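Trainee: Mind having a look at this structure? Questions to follow.
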Amino acid sequence: MTEHKGNGPNPLSGVIHGDNSALASIQQRTRRLNAATEQLGRCLPARLQGQWQVAALSSDALVLSVTGSVWATPLRAHQQALLEQAGEWLGTAPAKLKIQIHTPPAERPRRGGPRLSKTSAQGLREAVKGMQDPKLAQALARLAARRDDQAD
């Protein structure tokens, strides 16, 4: 942490920008990986831009993180160029290329199921009036209650 005279907590700017700060170390590493991503991206076709980033870079391995499995194969096709470019960056080429696939989390479905339009809900309510089966009438009434007030 940074030195701070007086009582109270250290200023946040000192914690973030201090030389001994863990956050400063993370920030420096992030800058280095982003710069490596930019440098290595120059040897790849434009269609691959934005689909990957350097996750780690050492003489042992170049680790790329991709947004989906579909991007792993084209990146592997450029393995030699990537390793050579990484070697220029490091001073020695990494021994191998590793690709980690990170898919974004799936969206959670809406709670309560689908919503009906006002017209559909009215049609179901009309159908309920003529139903002789009370269980079917109850089910249709529940379904009609799923009306979305913003729809039509």
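Just so we're on the same page: first chain in the structure tokens is A, next is B, and so on; residues restart at 1 for each chain, and ligands are numbered from 1 in the order they show up.
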Can you tell me, as a PyMOL selection string, what residues are no more than 9 Å from A:Thr37 when counting only C-alpha atoms, ignoring any on the same chain fewer than 4 positions away?
Mentor: chain A and resi 32-33+41-42+52-55+64
Trainee: Any chance you could list, as a PyMOL selection string, the residues in stretch 7-149 of chain A that come up helix (DSSP H, G or I) when DSSP is run on the backbone?
Mentor: chain A and resi 12-17+22-41+46-48+69-77+79-90+118-129+134-144
Trainee: Atom CA of A:Ala36 to atom CA of A:Pro105: how many Å, to one decimal?
Mentor: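 According to the coordinates, atom CA of A:Ala36 and atom CA of A:Pro105 are separated by 26.2 Å.
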Trainee: A:Leu143: which residues within 9 Å, counting only C-alpha atoms, same-chain residues fewer than 4 positions away excluded, as a list in words?
Mentor: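 In the requested format, the answer is Arg115, Leu116, Ala121, Leu124, Gln138, Ala139 and Arg147 of chain A.
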Trainee: Those same residues, written as a PDB file, in the first residue's frame with C-alpha atoms?
Mentor:
ATOM      1  CA  ARG A 115     -46.587 -13.442 -22.264  1.00  0.00           C
ATOM      2  CA  LEU A 116     -49.686 -13.179 -24.452  1.00  0.00           C
ATOM      3  CA  ALA A 121     -55.775 -13.121 -23.930  1.00  0.00           C
ATOM      4  CA  LEU A 124     -58.822 -17.224 -24.508  1.00  0.00           C
ATOM      5  CA  GLN A 138     -59.170 -23.137 -15.502  1.00  0.00           C
ATOM      6  CA  ALA A 139     -56.075 -23.881 -17.609  1.00  0.00           C
ATOM      7  CA  ARG A 147     -51.080 -11.205 -20.910  1.00  0.00           C
TER       8      ARG A 147
END
Trainee: Please measure the separation of atom CA of A:Gly87 and atom CA of A:Ser59, giving the value in Å to one decimal.
Mentor: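 About the pair atom CA of A:Gly87 and atom CA of A:Ser59: they are 8.1 Å apart.
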